[in-house]
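Right, one structure below, let's go through it.
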Amino acid sequence: MSTAPAVPPSPADSDLVRAARGLPVQRTPVWFMRQAGRSLPEYRALRAGTAMLEACQDPDLVTEITLQPVRRHGVDAAILFSDIVLPLVVAGVDIEIKPGVGPVVANPVRTVADVDALPDLEPDRLDFLATAVRRLVAELGPTPLIGFAGAPFTLATYLIEGGPSKEHARTKAFMYAEPEAWSRLLTRLAVSAATFLRVQIDSGASAVQLFDSWAGVLSAVDYGTRVLPHSRAVFDGLGDRDVPRVHFGVGTGELLALIGDAGADVVGVDWRVPLDEAARRVGPQRSLQGNLDPAVLLADRATVDREVRRVVEQGRAARGHVFNLGHGVLPETDPGVLTHVVELVHELSAR
Ligand code: CP3
């Protein structure tokens with residue numbers, strides 16, 4: 001009698017990748033946006049004394065910080081420790097991430113000349129990224145690594161506003177007043193996002209997520225005509241690299257179908273739209289990721305369990321479901337609750 005040779009489990013066969021492709025899974029895969037970060041004491045200890053954007057360019061720190069939540073919580077995927085502004089920083093744009101504030105741009109982009117003066121991202125400056133990803137993939141074994149980049153619109157908001165903002169009014173005014181320069185700006189941001197993603201995929205990332213966090217401030221018409229073509233260009237820039245593509249923004253209930261049309265296999269959903277309704281809006285040809293309200297994790301255990309159960313059940317309406325929060329982990333979250341959510345999602349969805 002012969003037994004089949006043991007095939008080592010591969011990230012390409014993981015529940016995360018399978019759910020993203022709409023294939024049957026053993027358990028609903030779960031990871032958390034911002035799973036690496038200030039909710040973890042081991043992160044705060046390791047980061048102490050190193051600026052955020054420096055840490056992102058140090059392969060040792062990137063590897064260790066990325067692995068921390070995988071070890072602690074048993075999540076089904078790692079997400080690279082980096083930031084959406086990193087490609088701009090590597091290209092030479094003067095940006096700092098101020099703790100508790102976010103990215104701050106020294107010389108915001110306010111004129112057509114500012115757009116044309118932006119430096120291009122040279123791929124040969126991304127060796128640190130390739131090194132970190134290769135090391136991570138070796139350490140992670142069967143657990144997939146998700147690579148990511150910021151979408152052109154969300155990056156443009158930081159460049160134009162000069163920092164975080166609520167209304168993104170300057171950004172939208174520029175978009176309306178200077179349509180040609182707007183298009184040139186987003187075209188360039190799409191090229192650099194695609195470069196950043198290609199390096200991660202070619203170094204072994206098993207999936208990619210394009211964050212268009214602030215796209216929800218746009219109407220569907222403006223999003224569809226002035227933004228979506230540039231997000232699509234990012235995905236098109238990946239060529240035939242065959243890894244699942246996740247696309248996410250906050251407050252995008254009115255845009256969900258368009259976000260999918262930009263070229264996603266998986267549409268990320270925040271907590272405002274239940275997943276069964278999101279599945280209806282997105283259609284049967286894409287999977288969903290989400291969408292527990294991060295604030296729920298600050299409530300009592302019974303509330304957490306009830307809401308997790310609801311998300312898992314509503315997620316069954318989707319072609320495939322990757323459990324996540326509707327946005328990033330809040331820094332004050334008890335990490336023990338995150339570990340509990342991973343266990344509960346697995347238990348509720350085990351076949
Ligand atoms: O675990 C992960 O999710 C991976 C790491 C990750 C970071 N930034 C690390 C980070 C990811 C995926 C991002 C993406 C990112 N960065 C987005 C898109 C996701 C989203 O939240 O919508 C955006 C909009 C940014 C820009 C940015 N960088 C913001 C708004 C902030 C928060 C500022 C603050 O201090 O509250 C950052 C800083 C940042 N990026 C931190 C981390 C861990 C905190 C910095 C620190 O620990 O000192």
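Here, A, B, ... name the chains of the structure tokens in the order displayed, residue numbers run from 1 inside each chain, and ligands are numbered from 1 in the same displayed order.
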
Item to complete: Residues within 7 Å of ligand 1, counting only C-alpha atoms and all ligand atoms: report them as number ranges by chain.
Response: A: 32-38, 52, 79-85, 97-103, 148, 150, 164, 211, 213, 249, 327-328

File of the preceding selection, N, CA and C atoms, as a PDB file, in the first residue's frame:
ATOM      1  N   PHE A  32      -7.144  41.234  10.812  1.00  0.00           N
ATOM      2  CA  PHE A  32      -7.641  42.552  11.215  1.00  0.00           C
ATOM      3  C   PHE A  32      -6.796  43.646  10.582  1.00  0.00           C
ATOM      4  N   MET A  33      -7.466  44.624   9.962  1.00  0.00           N
ATOM      5  CA  MET A  33      -6.722  45.799   9.525  1.00  0.00           C
ATOM      6  C   MET A  33      -6.108  46.439  10.771  1.00  0.00           C
ATOM      7  N   ARG A  34      -4.834  46.868  10.663  1.00  0.00           N
ATOM      8  CA  ARG A  34      -4.060  47.397  11.798  1.00  0.00           C
ATOM      9  C   ARG A  34      -3.871  46.381  12.909  1.00  0.00           C
ATOM     10  N   GLN A  35      -3.747  45.095  12.527  1.00  0.00           N
ATOM     11  CA  GLN A  35      -3.504  44.084  13.563  1.00  0.00           C
ATOM     12  C   GLN A  35      -2.113  44.250  14.167  1.00  0.00           C
ATOM     13  N   ALA A  36      -1.168  44.765  13.365  1.00  0.00           N
ATOM     14  CA  ALA A  36       0.145  45.121  13.898  1.00  0.00           C
ATOM     15  C   ALA A  36       0.046  46.573  14.319  1.00  0.00           C
ATOM     16  N   GLY A  37       0.400  46.871  15.537  1.00  0.00           N
ATOM     17  CA  GLY A  37       0.314  48.271  15.928  1.00  0.00           C
ATOM     18  C   GLY A  37       0.053  48.444  17.406  1.00  0.00           C
ATOM     19  N   ARG A  38      -0.451  49.618  17.718  1.00  0.00           N
ATOM     20  CA  ARG A  38      -0.424  50.055  19.108  1.00  0.00           C
ATOM     21  C   ARG A  38      -1.295  49.260  20.073  1.00  0.00           C
ATOM     22  N   MET A  52       8.168  56.005  12.873  1.00  0.00           N
ATOM     23  CA  MET A  52       7.328  55.099  12.090  1.00  0.00           C
ATOM     24  C   MET A  52       7.918  54.811  10.698  1.00  0.00           C
ATOM     25  N   ILE A  79      -0.319  40.977   7.503  1.00  0.00           N
ATOM     26  CA  ILE A  79      -0.279  42.102   6.570  1.00  0.00           C
ATOM     27  C   ILE A  79       1.027  42.831   6.802  1.00  0.00           C
ATOM     28  N   LEU A  80       1.707  43.117   5.705  1.00  0.00           N
ATOM     29  CA  LEU A  80       3.022  43.754   5.784  1.00  0.00           C
ATOM     30  C   LEU A  80       2.954  44.995   6.663  1.00  0.00           C
ATOM     31  N   PHE A  81       3.903  45.144   7.557  1.00  0.00           N
ATOM     32  CA  PHE A  81       4.014  46.383   8.329  1.00  0.00           C
ATOM     33  C   PHE A  81       4.659  47.435   7.438  1.00  0.00           C
ATOM     34  N   SER A  82       3.877  48.430   7.080  1.00  0.00           N
ATOM     35  CA  SER A  82       4.339  49.491   6.199  1.00  0.00           C
ATOM     36  C   SER A  82       3.344  50.640   6.337  1.00  0.00           C
ATOM     37  N   ASP A  83       3.308  51.529   5.383  1.00  0.00           N
ATOM     38  CA  ASP A  83       2.295  52.580   5.402  1.00  0.00           C
ATOM     39  C   ASP A  83       2.009  53.021   3.978  1.00  0.00           C
ATOM     40  N   ILE A  84       0.792  53.547   3.778  1.00  0.00           N
ATOM     41  CA  ILE A  84       0.432  53.939   2.410  1.00  0.00           C
ATOM     42  C   ILE A  84       1.300  55.074   1.869  1.00  0.00           C
ATOM     43  N   VAL A  85       1.877  55.891   2.753  1.00  0.00           N
ATOM     44  CA  VAL A  85       2.692  57.007   2.242  1.00  0.00           C
ATOM     45  C   VAL A  85       4.129  56.579   1.930  1.00  0.00           C
ATOM     46  N   ILE A  97       5.263  60.880   9.764  1.00  0.00           N
ATOM     47  CA  ILE A  97       4.037  60.396  10.410  1.00  0.00           C
ATOM     48  C   ILE A  97       4.085  60.833  11.863  1.00  0.00           C
ATOM     49  N   LYS A  98       3.208  61.760  12.226  1.00  0.00           N
ATOM     50  CA  LYS A  98       3.186  62.277  13.595  1.00  0.00           C
ATOM     51  C   LYS A  98       2.302  61.379  14.449  1.00  0.00           C
ATOM     52  N   PRO A  99       2.849  60.877  15.559  1.00  0.00           N
ATOM     53  CA  PRO A  99       2.086  59.957  16.419  1.00  0.00           C
ATOM     54  C   PRO A  99       0.747  60.559  16.838  1.00  0.00           C
ATOM     55  N   GLY A 100      -0.311  59.784  16.679  1.00  0.00           N
ATOM     56  CA  GLY A 100      -1.640  60.242  17.074  1.00  0.00           C
ATOM     57  C   GLY A 100      -2.277  61.188  16.067  1.00  0.00           C
ATOM     58  N   VAL A 101      -1.531  61.567  15.020  1.00  0.00           N
ATOM     59  CA  VAL A 101      -2.062  62.492  14.011  1.00  0.00           C
ATOM     60  C   VAL A 101      -2.172  61.777  12.666  1.00  0.00           C
ATOM     61  N   GLY A 102      -1.031  61.295  12.173  1.00  0.00           N
ATOM     62  CA  GLY A 102      -0.993  60.655  10.864  1.00  0.00           C
ATOM     63  C   GLY A 102       0.038  61.340   9.985  1.00  0.00           C
ATOM     64  N   PRO A 103      -0.010  61.044   8.680  1.00  0.00           N
ATOM     65  CA  PRO A 103       1.007  61.591   7.779  1.00  0.00           C
ATOM     66  C   PRO A 103       0.868  63.110   7.617  1.00  0.00           C
ATOM     67  N   PHE A 148       0.274  45.519   0.416  1.00  0.00           N
ATOM     68  CA  PHE A 148      -0.726  46.579   0.209  1.00  0.00           C
ATOM     69  C   PHE A 148      -0.091  47.841  -0.340  1.00  0.00           C
ATOM     70  N   GLY A 150      -1.535  52.262  -1.003  1.00  0.00           N
ATOM     71  CA  GLY A 150      -2.608  53.252  -0.955  1.00  0.00           C
ATOM     72  C   GLY A 150      -3.085  53.546  -2.354  1.00  0.00           C
ATOM     73  N   PRO A 164      -3.880  64.759   7.574  1.00  0.00           N
ATOM     74  CA  PRO A 164      -5.218  64.177   7.689  1.00  0.00           C
ATOM     75  C   PRO A 164      -6.275  65.278   7.672  1.00  0.00           C
ATOM     76  N   PHE A 211      -5.794  50.175  -0.512  1.00  0.00           N
ATOM     77  CA  PHE A 211      -6.566  50.976   0.454  1.00  0.00           C
ATOM     78  C   PHE A 211      -6.989  52.287  -0.190  1.00  0.00           C
ATOM     79  N   SER A 213      -8.984  54.465   1.476  1.00  0.00           N
ATOM     80  CA  SER A 213      -9.697  54.694   2.731  1.00  0.00           C
ATOM     81  C   SER A 213     -10.705  55.831   2.660  1.00  0.00           C
ATOM     82  N   GLY A 249     -12.459  50.763   1.129  1.00  0.00           N
ATOM     83  CA  GLY A 249     -12.568  52.155   1.550  1.00  0.00           C
ATOM     84  C   GLY A 249     -13.613  52.271   2.640  1.00  0.00           C
ATOM     85  N   HIS A 327     -12.929  48.768   9.827  1.00  0.00           N
ATOM     86  CA  HIS A 327     -11.760  49.640   9.649  1.00  0.00           C
ATOM     87  C   HIS A 327     -10.711  49.140  10.629  1.00  0.00           C
ATOM     88  N   GLY A 328      -9.649  49.930  10.875  1.00  0.00           N
ATOM     89  CA  GLY A 328      -8.537  49.416  11.659  1.00  0.00           C
ATOM     90  C   GLY A 328      -8.853  49.199  13.138  1.00  0.00           C
TER      91      GLY A 328
END

task = Give me the residues within 12 Å of Leu210 in chain A as JSON, numbers by chain, counting only C-alpha atoms and dropping any in the same chain fewer than 5 places off.
result = {"A": [83, 84, 146, 147, 148, 149, 150, 151, 152, 153, 154, 155, 190, 193, 194, 196, 197, 215, 230, 231, 232, 233, 234, 235, 238, 244, 245, 246, 247, 248, 249, 259, 260, 262, 263, 264, 265, 266, 267, 268]}

Can you pull out every residue from range 103-348 of chain A that DSSP, working from the backbone, puts in alpha helix (DSSP H), and format the result as a PyMOL selection string?
chain A and resi 112-117+127-140+152-161+169-177+179-202+220-222+228-236+256-261+275-282+301-315+335-348

Q. If you measure from CA of Trp271 in chain A to CA of His321 in chain A, what distance in Å do you get, rounded to one decimal?
A.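 Value for the CA of Trp271 in chain A-CA of His321 in chain A distance: 14.5 Å.
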
Inset, instruction - Any chance you could list, as a PyMOL selection string, the residues in range 160-272 of chain A that come up strand (DSSP E) when DSSP is run on the backbone? - result: chain A and resi 207-211+245-248+266-268

C-alpha atoms of the current selection, written as an mmCIF file, in the first residue's frame:
data_model
loop_
_atom_site.group_PDB
_atom_site.id
_atom_site.type_symbol
_atom_site.label_atom_id
_atom_site.label_comp_id
_atom_site.auth_asym_id
_atom_site.auth_seq_id
_atom_site.Cartn_x
_atom_site.Cartn_y
_atom_site.Cartn_z
ATOM 1 C CA ALA A 207 -2.644 38.675 -1.898
ATOM 2 C CA VAL A 208 -2.729 42.459 -2.142
ATOM 3 C CA GLN A 209 -5.024 45.086 -0.708
ATOM 4 C CA LEU A 210 -5.456 48.523 -2.243
ATOM 5 C CA PHE A 211 -6.566 50.976 0.454
ATOM 6 C CA ARG A 245 -6.880 41.683 -5.127
ATOM 7 C CA VAL A 246 -8.737 43.265 -2.210
ATOM 8 C CA HIS A 247 -10.047 46.828 -2.503
ATOM 9 C CA PHE A 248 -11.286 48.733 0.531
ATOM 10 C CA VAL A 266 -12.658 40.995 -2.833
ATOM 11 C CA VAL A 267 -14.507 44.166 -1.829
ATOM 12 C CA GLY A 268 -13.790 45.448 1.684
#

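Closest to Ser10 in chain A among A:Val296, A:Pro284, A:Pro144, A:Pro123 is A:Pro144, based on only C-alpha atoms.
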
Checklist entry - Near Phe128 in chain A, within 10 Å and counting only C-alpha atoms, which residues show up once chain neighbours fewer than 6 positions away are dropped, as a list of chain:residue names? => result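 Returned residues: A:Cys56, A:Gln57, A:Asp58, A:Pro59, A:Asp60, A:Val62.
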
Notebook entry, point to check: Between A:Asp276, A:Asp120, A:Asp334, A:Glu313, which one has atoms that come closest to Leu185 in chain A, using only C-alpha atoms?
Noted result: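 Ranking A:Asp276, A:Asp120, A:Asp334, A:Glu313 by distance to Leu185 in chain A, first place goes to A:Asp120.
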
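Closest approach to Thr187 in chain A among A:Pro9, A:Gly315, A:Gly320, A:Gly237 is made by A:Gly237 (distances from only C-alpha atoms).
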
So how many Å separate CA of Ala138 in chain A and CA of Gly290 in chain A, to one decimal?
->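 Result for CA of Ala138 in chain A versus CA of Gly290 in chain A: 27.6 Å, one decimal.
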
- Quick one, how far is CA of Gly239 in chain A from CA of Trp214 in chain A?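 Computing it gives 25.8 Å between the two atoms.
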
Residue among A:Val109, A:Thr195, A:Val250, A:Gly92 lying closest to Asp124 in chain A, counting only C-alpha atoms: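 Under the stated criterion, the closest residue is A:Thr195.
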
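Among the candidates A:Gly216, A:Glu332, A:Pro87, A:Asp222, the residue lying nearest to Tyr176 in chain A is A:Asp222 (atoms considered: only C-alpha atoms).
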
Shell of 12 Å around Leu344 in chain A, only C-alpha atoms, local chain residues under 6 positions omitted, as an mmCIF file with N, CA and C atoms, in the first residue's frame:
data_model
loop_
_atom_site.group_PDB
_atom_site.id
_atom_site.type_symbol
_atom_site.label_atom_id
_atom_site.label_comp_id
_atom_site.auth_asym_id
_atom_site.auth_seq_id
_atom_site.Cartn_x
_atom_site.Cartn_y
_atom_site.Cartn_z
ATOM 1 N N ARG A 27 -12.484 26.948 7.227
ATOM 2 C CA ARG A 27 -13.071 27.878 8.191
ATOM 3 C C ARG A 27 -12.996 29.271 7.572
ATOM 4 N N THR A 28 -13.908 30.140 7.969
ATOM 5 C CA THR A 28 -13.838 31.515 7.477
ATOM 6 C C THR A 28 -12.507 32.125 7.937
ATOM 7 N N PRO A 29 -11.680 32.597 6.999
ATOM 8 C CA PRO A 29 -10.407 33.198 7.394
ATOM 9 C C PRO A 29 -10.632 34.555 8.054
ATOM 10 N N VAL A 30 -9.768 34.899 8.992
ATOM 11 C CA VAL A 30 -9.913 36.170 9.694
ATOM 12 C C VAL A 30 -8.553 36.830 9.887
ATOM 13 N N HIS A 73 -2.323 36.062 17.875
ATOM 14 C CA HIS A 73 -3.761 35.860 17.658
ATOM 15 C C HIS A 73 -4.093 34.632 16.813
ATOM 16 N N GLY A 74 -3.108 34.086 16.091
ATOM 17 C CA GLY A 74 -3.430 32.984 15.188
ATOM 18 C C GLY A 74 -4.323 33.417 14.034
ATOM 19 N N VAL A 75 -4.145 34.656 13.572
ATOM 20 C CA VAL A 75 -4.911 35.127 12.416
ATOM 21 C C VAL A 75 -4.508 34.332 11.164
ATOM 22 N N ARG A 301 -18.219 41.190 26.567
ATOM 23 C CA ARG A 301 -18.020 39.962 25.821
ATOM 24 C C ARG A 301 -19.292 39.468 25.120
ATOM 25 N N VAL A 304 -19.756 41.487 22.004
ATOM 26 C CA VAL A 304 -18.761 41.082 20.999
ATOM 27 C C VAL A 304 -19.229 39.793 20.329
ATOM 28 N N ASP A 305 -19.616 38.808 21.130
ATOM 29 C CA ASP A 305 -19.996 37.504 20.572
ATOM 30 C C ASP A 305 -21.218 37.632 19.667
ATOM 31 N N ARG A 306 -22.204 38.409 20.112
ATOM 32 C CA ARG A 306 -23.417 38.565 19.314
ATOM 33 C C ARG A 306 -23.101 39.208 17.962
ATOM 34 N N GLU A 307 -22.272 40.249 17.972
ATOM 35 C CA GLU A 307 -21.956 40.961 16.728
ATOM 36 C C GLU A 307 -21.075 40.115 15.799
ATOM 37 N N VAL A 308 -20.149 39.349 16.380
ATOM 38 C CA VAL A 308 -19.311 38.467 15.557
ATOM 39 C C VAL A 308 -20.189 37.433 14.860
ATOM 40 N N ARG A 309 -21.114 36.868 15.629
ATOM 41 C CA ARG A 309 -22.035 35.860 15.089
ATOM 42 C C ARG A 309 -22.845 36.446 13.920
ATOM 43 N N ARG A 310 -23.329 37.663 14.112
ATOM 44 C CA ARG A 310 -24.132 38.311 13.071
ATOM 45 C C ARG A 310 -23.301 38.496 11.793
ATOM 46 N N VAL A 311 -22.064 38.966 11.951
ATOM 47 C CA VAL A 311 -21.219 39.205 10.769
ATOM 48 C C VAL A 311 -20.928 37.881 10.051
ATOM 49 N N VAL A 312 -20.642 36.832 10.825
ATOM 50 C CA VAL A 312 -20.360 35.530 10.202
ATOM 51 C C VAL A 312 -21.589 35.052 9.432
ATOM 52 N N PHE A 323 -13.297 37.380 7.117
ATOM 53 C CA PHE A 323 -13.734 38.159 8.294
ATOM 54 C C PHE A 323 -12.668 39.205 8.625
ATOM 55 N N VAL A 337 -9.189 40.337 23.366
ATOM 56 C CA VAL A 337 -10.474 40.285 22.657
ATOM 57 C C VAL A 337 -10.242 39.907 21.187
ATOM 58 N N LEU A 338 -9.160 40.411 20.602
ATOM 59 C CA LEU A 338 -8.860 40.059 19.207
ATOM 60 C C LEU A 338 -8.610 38.561 19.075
ATOM 61 N N ALA A 350 -16.437 26.481 11.261
ATOM 62 C CA ALA A 350 -15.746 25.216 10.962
ATOM 63 C C ALA A 350 -16.695 24.270 10.260
#

Between A:Pro119, A:Asp240, A:Trp31, A:Arg170, smallest distance to Leu292 in chain A by only C-alpha atoms belongs to A:Trp31

- Message: With only C-alpha atoms as the counted atoms, please give the residues lying no more than 10 Å from Gly283 in chain A, apart from itself and same-chain residues fewer than 4 positions off, as an MDAnalysis selection string.
- Response: chainID A and resid 256:257 260 277:279 287 318:319
